[in-house]
Number of protein chains: 2
Amino acid sequence: MTKAEKTRNFIVEKTAPIFNMKGYAGTSLNDITAATGLTKGSIYGNFANKDEVAMAAFDYNLKNVSTRIEAEMNRQTSIKDKLLVYIDIYQKFIDGSVSAGGCPVLNTAIDADDTHPELRGRVLKAVLDWKNKIGKLVEAGIANKEIYADQNPEQIALTIIAMVEGGIMISKLTSKTEYWGLITGSLKKYVDSLG
Amino acid sequence: MTKAEKTRNFIVEKTAPIFNMKGYAGTSLNDITAATGLTKGSIYGNFANKDEVAMAAFDYNLKNVSTRIEAEMNRQTSIKDKLLVYIDIYQKFIDGSVSAGGCPVLNTAIDADDTHPELRGRVLKAVLDWKNKIGKLVEAGIANKEIYADQNPEQIALTIIAMVEGGIMISKLTSKTEYWGLITGSLKKYVDSLG
DNA sequence: CCTAAAATATACCGATCGGTATTTTGTTAT
DNA sequence: ATAACAAAATACCGATCGGTATATTTTAGG
């Protein structure tokens, strides 16, 4: 890893939580230099513009979530338990112990939806990938009789994502972890009812 | 209504969709003057600062949702049908036929959560009021035997809000109304299972 | 119709915005 | 050790930011 690559990673690591909290328009180059201790010249020596930093920051935040989910999912055996992994992982996004500012998918979706097509495209792909992943899990669950055959994998995927993301919004806004407990309680019951 | 009050309302009406789409940091005073055709002097003759315009815009967007929901709810007789009113109303937020930019509660919650305490306070109140409203509906449903007595009103309220807001995020981002149909399909089944 | 007050427009403020050309510093291979 | 190169810092750019003091226009009451 060259010096430039190291610095690039360093900048992304330091700015990713800021973009996640303040959004694209709300994060200034001054924020970026302050967080990294570097100067504007150095930032622009490693990135073409603010857009590129924002994209890399989103990718970093997304990968951070994905790898944690992947790891925890591999520790579960049943499909239903795999589907419920999101509950434990996203708990950490609410109390702030992981990636300050909440879920990057939700934040960036709202932030970039009507303002930043490039960023929007990245979040869109993330949501569709997520939907496909859950859909395939459900299909596997149907195949091994864990889930009823008449269930719609796409519908289940969308419902789980909606509940998780909506739940994060509520719990983060209110700072009430017991709300997250109640919402995920409904989610557990829902997943249990699938088969 | 004095001239100043008219102008104030006019400014709020014209800027409310912009704040809803671009967020607080993303909406500039130039956006405000462009949308209204007024000058900065006129804006600041009616509002102390950008914050005040943003607050008034949020209040306006929120009231817009609330009154529509209230009206549609009064047309329903059963508690379950009242709970399902959100589905039809929010449909219009996704296709953009009402208040461009999606649900103001969701947008402002994400936008202001970590950046704007005053605005955050307003959204927080909106969500808690919403939760209480659904909670009381559920209690009424329990009282008239429409809903099982062992159901938790607070949990039901939070679950419905989470599904609706999460569903809006997904449907707006993907521009797929069929996704909204699938998610609200789950919501209908959920509400139906309550009693 | 005229005047006083209210409302809007004009012109400007310093600060900050994203971005860049140039210089200085740090690194690395010979 | 030094030359060649890469990387970071400095100093600056025009544009836009939110905000204001002042001048002009519009409104409303007598």
# chains A, B, ... in the order shown; residues from 1 in each chain; ligands from 1
$ residues_around --residues "C:DA4" --least-positions-apart "3" --cutoff "12 Å" --atoms "only C-alpha atoms (C1' of nucleotides)" --output "PDB file with C-alpha atoms (C1' of nucleotides), in the first residue's frame"
ATOM      1  C1'  DT D  27     -50.393  49.845   1.513  1.00  0.00           C
ATOM      2  C1'  DA D  28     -53.969  51.586   4.535  1.00  0.00           C
ATOM      3  C1'  DG D  29     -56.345  55.289   7.424  1.00  0.00           C
ATOM      4  C1'  DG D  30     -58.123  59.844   7.886  1.00  0.00           C
TER       5       DG D  30
END
$ interface_residues --of "chain D" --to "chain B" --cutoff "12 Å" --atoms "only C-alpha atoms (C1' of nucleotides)" --output "VMD selection string"
chain D and resid 16 to 23 26 to 28
$ closest_atom_pairs --of "chain C" --to "chain A" --cutoff "12 Å" --atoms "only C-alpha atoms (C1' of nucleotides)" --output "tab-separated table"
residue	atom	partner	partner_atom	distance
C:DT16	C1'	A:Asn30	CA	9.1
C:DC17	C1'	A:Ser28	CA	7.9
C:DG18	C1'	A:Leu29	CA	7.4
C:DG19	C1'	A:Asn49	CA	7.9
C:DT20	C1'	A:Gly41	CA	8.6
C:DA21	C1'	A:Gly41	CA	10.4
C:DT22	C1'	A:Gly41	CA	10.8
C:DT23	C1'	A:Gly41	CA	11.6
C:DG26	C1'	A:Lys3	CA	10.7
C:DT27	C1'	A:Lys3	CA	9.1
C:DT28	C1'	A:Lys3	CA	11.5
$ write_last_selection --atoms "C-alpha atoms (C1' of nucleotides)" --output "CSV table (one decimal), in the first residue's frame"
chain,number,residue,atom,x,y,z
C,16,DT,C1',-17.2,30.5,4.1
C,17,DC,C1',-18.0,27.8,0.1
C,18,DG,C1',-15.5,24.3,-3.3
C,19,DG,C1',-11.5,24.3,-5.9
C,20,DT,C1',-6.5,25.3,-7.8
C,21,DA,C1',-1.6,26.8,-8.9
C,22,DT,C1',2.6,26.9,-6.7
C,23,DT,C1',5.9,26.0,-3.2
C,26,DG,C1',8.9,14.0,2.6
C,27,DT,C1',10.1,9.6,0.4
C,28,DT,C1',12.6,6.3,-2.2
$ interface_residues --of "chain A" --to "chain B" --cutoff "6 Å" --atoms "only C-alpha atoms" --output "list in words"
Met21, Ala25, Gly26, Asp114, Gln155, Thr159, Ala162, Met163, Glu165, Gly166, Gly167, Leu182 and Ile183 of chain A
$ write_last_selection --atoms "N, CA and C atoms" --output "compact mmCIF listing (two decimals), in the first residue's frame"
# COMPACT_ATOMS: atom_id res chain seq x y z
N MET A 21 -23.48 11.67 9.40
CA MET A 21 -24.26 12.50 10.33
C MET A 21 -24.79 13.76 9.66
N ALA A 25 -24.54 17.83 1.59
CA ALA A 25 -24.52 19.30 1.58
C ALA A 25 -24.06 19.86 2.91
N GLY A 26 -24.33 19.14 3.98
CA GLY A 26 -23.99 19.63 5.31
C GLY A 26 -22.55 19.42 5.71
N ASP A 114 -33.33 13.33 -3.73
CA ASP A 114 -33.78 14.37 -4.66
C ASP A 114 -32.67 15.34 -5.04
N GLN A 155 -41.67 -9.87 -1.15
CA GLN A 155 -42.48 -9.15 -0.17
C GLN A 155 -41.87 -9.24 1.22
N THR A 159 -40.50 -6.10 3.41
CA THR A 159 -41.12 -5.86 4.71
C THR A 159 -40.06 -5.80 5.82
N ALA A 162 -38.07 -2.55 5.45
CA ALA A 162 -38.88 -1.40 5.86
C ALA A 162 -38.96 -1.30 7.38
N MET A 163 -39.21 -2.43 8.03
CA MET A 163 -39.33 -2.41 9.48
C MET A 163 -38.02 -2.04 10.16
N GLU A 165 -35.43 -0.28 8.85
CA GLU A 165 -35.05 1.11 8.60
C GLU A 165 -36.01 2.09 9.28
N GLY A 166 -37.29 1.80 9.21
CA GLY A 166 -38.26 2.64 9.93
C GLY A 166 -38.00 2.61 11.43
N GLY A 167 -37.67 1.44 11.91
CA GLY A 167 -37.37 1.30 13.34
C GLY A 167 -36.13 2.08 13.75
N LEU A 182 -39.43 -2.98 21.04
CA LEU A 182 -40.82 -3.26 20.68
C LEU A 182 -40.97 -3.54 19.19
N ILE A 183 -40.29 -2.72 18.38
CA ILE A 183 -40.40 -2.89 16.93
C ILE A 183 -39.77 -4.21 16.50
$ atom_distance --atom1 "atom CA of A:Leu62" --atom2 "atom CA of A:Ile89"
13.0 Å
$ closest_residue --among "A:Ile79, A:Ile147, A:Ile69, A:Val12" --to "A:Lys92" --atoms "only C-alpha atoms"
A:Ile69
$ select_by_dssp --residues "stretch 46-107 of chain B" --states "helix (DSSP H, G or I)" --output "VMD selection string"
chain B and resid 46 50 to 74 79 to 83 85 to 94 104 to 107
$ residues_around --residues "B:Glu13" --least-positions-apart "6" --cutoff "10 Å" --atoms "only C-alpha atoms (C1' of nucleotides)" --output "tab-separated table (two decimals) with N, CA and C atoms, in the first residue's frame"
chain	number	residue	atom	x	y	z
B	7	THR	N	-47.77	37.40	2.96
B	7	THR	CA	-46.43	37.14	2.42
B	7	THR	C	-45.75	36.01	3.16
B	35	ALA	N	-37.60	30.78	-5.48
B	35	ALA	CA	-38.90	30.11	-5.45
B	35	ALA	C	-40.04	31.10	-5.22
B	36	THR	N	-39.75	32.17	-4.52
B	36	THR	CA	-40.81	33.12	-4.18
B	36	THR	C	-40.85	34.31	-5.14
B	56	ALA	N	-41.03	26.94	10.00
B	56	ALA	CA	-42.37	27.20	9.48
B	56	ALA	C	-42.68	26.25	8.32
B	57	ALA	N	-41.67	25.97	7.50
B	57	ALA	CA	-41.85	25.05	6.38
B	57	ALA	C	-42.15	23.64	6.88
B	60	TYR	N	-45.64	23.52	8.21
B	60	TYR	CA	-46.58	23.52	7.09
B	60	TYR	C	-46.69	22.14	6.46
B	61	ASN	N	-45.54	21.53	6.20
B	61	ASN	CA	-45.54	20.19	5.60
B	61	ASN	C	-46.21	19.17	6.52
$ atom_distance --atom1 "atom CA of B:Ile43" --atom2 "atom CA of B:Ile11"
7.7 Å
$ residues_around --residues "B:Arg122" --least-positions-apart "3" --cutoff "9 Å" --atoms "only C-alpha atoms (C1' of nucleotides)" --output "list of chain:residue names"
B:Met55, B:Phe58, B:Asp59, B:Pro117, B:Glu118, B:Leu119, B:Lys125, B:Ala126, B:Val127
$ atom_distance --atom1 "atom CA of A:Lys133" --atom2 "atom CA of B:Ile94"
24.5 Å
$ residues_around --residues "B:Glu70" --least-positions-apart "3" --cutoff "12 Å" --atoms "only C-alpha atoms (C1' of nucleotides)" --output "list of chain:residue names"
B:Lys63, B:Asn64, B:Val65, B:Ser66, B:Thr67, B:Met73, B:Asn74, B:Arg75, B:Gln76, B:Lys82, B:Leu83, B:Val85, B:Tyr86, B:Ile89, B:Trp130, B:Lys133, B:Ile134
